[in-house]
Amino acid sequence: MRILITGGTGYIGSHVALNVLSGNHDLFILDNYSNSSKDVLTKLKIISNREFQSAECDIKNKDNLIKVFSDFNPEVVIHFAGFKSVNYSIKVPLSYYSNNVSGTINLLEVMDQYNCNNIIFSSSATVYGAPEYLPCDEKHKIAPINPYGKTKFFLEEILKDWAMSNSQNRSIILRYFNPVGAHKSGMIGELPIGTPNNLFPYIAGVIRNKYDYLSIYGDDYNTKDGTGVRDYIHVEDIAMAHVNSLNLLKTNVKHETINLGTGIGFSVLEILTEFKKILKKPIPFKFKPRRNGDIATLIADNKKAKLMLKWDIKNDLNQICKDTVRWINNYSHGK
Ligand code: NAD
Ligand code: UDP
């Protein structure tokens, strides 16, 4: 298949790109590099030993998108391009609505113009807001509590309407829980620009001695040890689910929304214990007050993913932490 990946030099997009290349598809990557580096393209070519097309392109710029579509004529779009910081989305909501929502509308309009009928979209468990029951299945109420989560919710609705607007159109929405880890090569992983807000990138900063300690936000949640519990899923398992979604698009599916999580929750302290086993030394931390808008526990019900995508988790927490450490060590040595 001819597959266009938007945001393909970003964290998740780059891992999906490698899986697409190993499946022998034709690939085109577009990115505006607002949160990634062009170097990733070279790394993808080295790891995969394959060539593919790419372009610097902002999805807000329709003329640039048209150029990509007229060059490549994709059959499927895997759409990652977007802003993803909850904090910034609260500070600059309009830029989130413009980039994520308007950008995606541009993309869908150009897809229509070029008769490209298939899209796989990165949504987030953030759309559930504070869960009313656990594990959280796809039927759970949608109640996003920040502009970032609202962009995902609005886009899910837009994609549903788009799918229904033409008998050929198909959309698959994947709701990620907490993607973490890195590629086994140690050459690609998560590299946030600026101070990270998320747990794993911050721990990476402590391991690299960029920060003295990890602040643990809250030790009094109603969880096994008082710290927040999340469903951390290896980015390679996320990537594999996209490849399996390509197969799902070949069936008579019209519009499906599918959770991507492991179904298992780990607390912040449990994550630190796992890293300690690998590093053979503890990661320094200090307890701090709860973070605004944080919830105690979020865990996925992943039955639908297992059934519809014929997919399962291959990497446990130990593998996640090992791959993270390998990536940090390589990155620290400038490889
Ligand atoms: P990322 O920031 O690493 O990747 C996104 C990529 O999109 C970046 O390379 C960025 O430069 C590019 N981009 C942003 N705006 C663009 C635009 N207007 N035009 C072209 N390119 C643009 O993020 P990621 O972690 O790989 O996430 C990918 C997608 O998955 C995002 O949509 C994100 O909201 C979603 N998601 C991520 C997580 C997570 O924890 N990483 C969780 C749930 C959902
Ligand atoms: N967390 C923390 N310190 C940090 C970042 C995160 O204690 O520097 C905690 C956070 O309170 C939550 C868990 O780690 O319980 C996961 O947070 P993250 O921001 O990575 O994911 P999200 O909350 O968006 O699911």
# chains A, B, ... in the order shown; residues from 1 in each chain; ligands from 1
call {"tool": "residues_near_ligand", "arguments": {"ligand": "ligand 1", "cutoff": "8 Å", "atoms": "only C-alpha atoms and all ligand atoms", "output": "PyMOL selection string"}}
result
chain A and resi 6-14+30-37+56-60+79-85+99-100+103+121-126+148+152+175-180+190-192+198
call {"tool": "write_last_selection", "arguments": {"atoms": "N, CA and C atoms", "output": "compact mmCIF listing (two decimals), in the first residue's frame"}}
result
# COMPACT_ATOMS: atom_id res chain seq x y z
N THR A 6 1.72 11.35 8.61
CA THR A 6 1.90 12.75 9.02
C THR A 6 2.52 12.74 10.41
N GLY A 7 3.46 13.65 10.65
CA GLY A 7 4.15 13.65 11.95
C GLY A 7 5.05 12.45 12.09
N GLY A 8 5.58 11.98 10.96
CA GLY A 8 6.33 10.71 10.92
C GLY A 8 7.74 10.77 11.49
N THR A 9 8.25 11.97 11.81
CA THR A 9 9.56 12.00 12.49
C THR A 9 9.38 12.16 14.00
N GLY A 10 8.12 12.23 14.46
CA GLY A 10 7.86 12.33 15.89
C GLY A 10 8.06 10.98 16.58
N TYR A 11 7.79 10.98 17.86
CA TYR A 11 8.06 9.79 18.70
C TYR A 11 7.30 8.55 18.20
N ILE A 12 6.00 8.62 18.15
CA ILE A 12 5.24 7.41 17.77
C ILE A 12 5.31 7.20 16.26
N GLY A 13 5.20 8.29 15.49
CA GLY A 13 5.23 8.19 14.03
C GLY A 13 6.49 7.50 13.51
N SER A 14 7.63 7.79 14.13
CA SER A 14 8.89 7.19 13.64
C SER A 14 8.90 5.68 13.89
N LEU A 30 5.57 13.06 6.12
CA LEU A 30 5.58 14.53 6.16
C LEU A 30 5.63 14.98 7.61
N ASP A 31 6.31 16.10 7.81
CA ASP A 31 6.42 16.68 9.16
C ASP A 31 6.84 18.13 9.01
N ASN A 32 6.44 18.97 9.97
CA ASN A 32 6.95 20.35 9.94
C ASN A 32 8.10 20.54 10.94
N TYR A 33 8.51 19.46 11.60
CA TYR A 33 9.63 19.46 12.55
C TYR A 33 9.42 20.42 13.72
N SER A 34 8.18 20.70 14.06
CA SER A 34 7.95 21.59 15.20
C SER A 34 8.28 20.89 16.51
N ASN A 35 8.25 19.56 16.51
CA ASN A 35 8.62 18.83 17.74
C ASN A 35 9.47 17.61 17.41
N SER A 36 10.28 17.73 16.37
CA SER A 36 11.12 16.58 15.98
C SER A 36 12.27 17.10 15.14
N SER A 37 13.13 16.17 14.74
CA SER A 37 14.32 16.59 13.99
C SER A 37 14.39 15.81 12.67
N GLU A 56 9.14 18.38 4.05
CA GLU A 56 8.82 19.31 5.13
C GLU A 56 7.48 19.94 4.77
N CYS A 57 6.49 19.71 5.58
CA CYS A 57 5.14 20.14 5.22
C CYS A 57 4.33 20.37 6.50
N ASP A 58 3.66 21.50 6.54
CA ASP A 58 2.79 21.80 7.68
C ASP A 58 1.35 21.51 7.24
N ILE A 59 0.63 20.71 8.04
CA ILE A 59 -0.73 20.34 7.62
C ILE A 59 -1.67 21.54 7.63
N LYS A 60 -1.23 22.65 8.22
CA LYS A 60 -2.05 23.86 8.17
C LYS A 60 -1.96 24.53 6.79
N HIS A 79 -2.23 9.33 10.73
CA HIS A 79 -2.16 10.75 11.07
C HIS A 79 -1.72 10.99 12.52
N PHE A 80 -0.45 11.41 12.67
CA PHE A 80 0.10 11.72 13.99
C PHE A 80 0.31 13.21 14.19
N ALA A 81 0.41 14.00 13.09
CA ALA A 81 0.81 15.40 13.22
C ALA A 81 -0.15 16.14 14.14
N GLY A 82 0.41 16.76 15.16
CA GLY A 82 -0.43 17.52 16.09
C GLY A 82 0.37 17.90 17.31
N PHE A 83 -0.15 18.87 18.06
CA PHE A 83 0.47 19.24 19.34
C PHE A 83 -0.11 18.33 20.42
N LYS A 84 0.71 18.05 21.48
CA LYS A 84 0.25 17.04 22.44
C LYS A 84 0.44 17.41 23.91
N SER A 85 0.79 18.65 24.20
CA SER A 85 1.02 18.98 25.61
C SER A 85 -0.26 19.49 26.26
N ASN A 99 -3.93 24.07 15.06
CA ASN A 99 -3.01 23.04 14.55
C ASN A 99 -3.69 21.68 14.44
N ASN A 100 -4.33 21.26 15.52
CA ASN A 100 -4.87 19.90 15.54
C ASN A 100 -6.17 19.78 14.76
N GLY A 103 -5.88 21.84 11.07
CA GLY A 103 -4.90 21.09 10.28
C GLY A 103 -5.49 19.78 9.77
N PHE A 121 -6.10 7.31 12.97
CA PHE A 121 -5.87 8.55 13.72
C PHE A 121 -5.45 8.28 15.16
N SER A 122 -4.45 9.07 15.63
CA SER A 122 -3.95 8.98 17.01
C SER A 122 -4.82 9.77 17.94
N SER A 123 -5.66 9.09 18.68
CA SER A 123 -6.39 9.78 19.73
C SER A 123 -5.77 9.41 21.07
N SER A 124 -6.44 9.76 22.13
CA SER A 124 -5.81 9.62 23.45
C SER A 124 -6.85 9.23 24.49
N ALA A 125 -6.38 8.51 25.51
CA ALA A 125 -7.26 8.17 26.64
C ALA A 125 -7.68 9.41 27.41
N THR A 126 -7.01 10.54 27.11
CA THR A 126 -7.41 11.82 27.75
C THR A 126 -8.88 12.13 27.48
N TYR A 148 -6.41 20.14 24.92
CA TYR A 148 -5.80 19.06 24.14
C TYR A 148 -6.78 17.89 23.98
N LYS A 152 -8.90 16.17 20.56
CA LYS A 152 -9.00 14.75 20.17
C LYS A 152 -10.47 14.34 20.05
N ARG A 175 -7.10 5.03 20.53
CA ARG A 175 -6.95 5.84 21.76
C ARG A 175 -5.80 5.28 22.58
N TYR A 176 -4.66 6.00 22.55
CA TYR A 176 -3.48 5.52 23.28
C TYR A 176 -3.62 5.84 24.76
N PHE A 177 -3.15 4.90 25.60
CA PHE A 177 -3.05 5.19 27.03
C PHE A 177 -1.68 5.87 27.27
N ASN A 178 -0.67 5.22 27.84
CA ASN A 178 0.60 5.94 28.07
C ASN A 178 1.74 5.29 27.27
N PRO A 179 1.96 5.74 26.04
CA PRO A 179 3.04 5.14 25.23
C PRO A 179 4.42 5.53 25.79
N VAL A 180 5.26 4.54 25.99
CA VAL A 180 6.61 4.76 26.54
C VAL A 180 7.58 3.77 25.89
N GLU A 190 11.76 8.84 22.53
CA GLU A 190 11.07 10.10 22.78
C GLU A 190 12.09 11.18 23.14
N LEU A 191 11.98 12.31 22.46
CA LEU A 191 12.94 13.40 22.68
C LEU A 191 12.19 14.73 22.77
N PRO A 192 11.56 14.98 23.91
CA PRO A 192 10.76 16.20 23.98
C PRO A 192 11.63 17.45 23.95
N ASN A 198 5.85 14.75 31.15
CA ASN A 198 5.45 13.35 31.35
C ASN A 198 6.50 12.58 32.14
call {"tool": "residues_near_ligand", "arguments": {"ligand": "ligand 2", "cutoff": "6 Å", "atoms": "only C-alpha atoms and all ligand atoms", "output": "ChimeraX atom specification"}}
result
/A:178,197-199,202,214-217,228-229,268,294
call {"tool": "write_last_selection", "arguments": {"atoms": "N, CA, C and O atoms", "output": "CSV table (one decimal), in the first residue's frame"}}
result
chain,number,residue,atom,x,y,z
A,178,ASN,N,-0.7,5.2,27.8
A,178,ASN,CA,0.6,5.9,28.1
A,178,ASN,C,1.7,5.3,27.3
A,178,ASN,O,2.4,4.4,27.8
A,197,ASN,N,6.9,17.2,30.7
A,197,ASN,CA,5.8,17.1,31.7
A,197,ASN,C,5.5,15.7,32.1
A,197,ASN,O,5.0,15.4,33.1
A,198,ASN,N,5.8,14.8,31.2
A,198,ASN,CA,5.4,13.4,31.4
A,198,ASN,C,6.5,12.6,32.1
A,198,ASN,O,7.7,13.0,32.2
A,199,LEU,N,6.0,11.5,32.7
A,199,LEU,CA,6.9,10.8,33.7
A,199,LEU,C,8.2,10.2,33.0
A,199,LEU,O,9.3,10.5,33.5
A,202,TYR,N,10.8,12.7,31.9
A,202,TYR,CA,11.5,13.3,33.1
A,202,TYR,C,12.4,12.4,33.7
A,202,TYR,O,13.6,12.8,34.1
A,214,LEU,N,13.4,13.3,40.5
A,214,LEU,CA,12.1,13.3,40.0
A,214,LEU,C,11.1,13.8,41.1
A,214,LEU,O,11.2,13.4,42.2
A,215,SER,N,10.3,14.8,40.7
A,215,SER,CA,9.2,15.2,41.6
A,215,SER,C,8.0,14.2,41.4
A,215,SER,O,7.6,14.0,40.3
A,216,ILE,N,7.6,13.5,42.5
A,216,ILE,CA,6.4,12.6,42.4
A,216,ILE,C,5.2,13.4,42.8
A,216,ILE,O,5.2,13.9,44.0
A,217,TYR,N,4.3,13.6,41.9
A,217,TYR,CA,3.2,14.5,42.2
A,217,TYR,C,2.1,13.7,42.9
A,217,TYR,O,1.2,13.2,42.3
A,228,GLY,N,0.3,7.9,41.6
A,228,GLY,CA,-0.6,7.7,40.5
A,228,GLY,C,-0.3,6.4,39.7
A,228,GLY,O,0.8,6.0,39.6
A,229,VAL,N,-1.4,5.8,39.2
A,229,VAL,CA,-1.3,4.5,38.5
A,229,VAL,C,-1.7,4.8,37.0
A,229,VAL,O,-2.8,5.4,36.8
A,268,VAL,N,3.8,5.2,40.1
A,268,VAL,CA,5.1,5.9,39.9
A,268,VAL,C,6.2,5.1,40.6
A,268,VAL,O,7.3,4.9,40.1
A,294,ASP,N,-4.7,16.0,37.6
A,294,ASP,CA,-4.3,14.6,37.6
A,294,ASP,C,-5.4,13.7,38.2
A,294,ASP,O,-6.1,14.1,39.1
call {"tool": "select_by_dssp", "arguments": {"residues": "segment 107-286 of chain A", "states": "alpha helix (DSSP H)", "output": "PyMOL selection string"}}
result
chain A and resi 107-113+147-164+199-207+235-249+268-279
call {"tool": "atom_distance", "arguments": {"atom1": "atom CA of Gly129 of chain A", "atom2": "atom CA of Leu260 of chain A"}}
result
16.1 Å
call {"tool": "closest_residue", "arguments": {"among": "A:Val253, A:Ile145, A:Met308, A:Ile203", "to": "Ile90 of chain A", "atoms": "only C-alpha atoms"}}
result
A:Ile145
call {"tool": "atom_distance", "arguments": {"atom1": "atom CA of Ile320 of chain A", "atom2": "atom CA of Ser267 of chain A"}}
result
14.6 Å
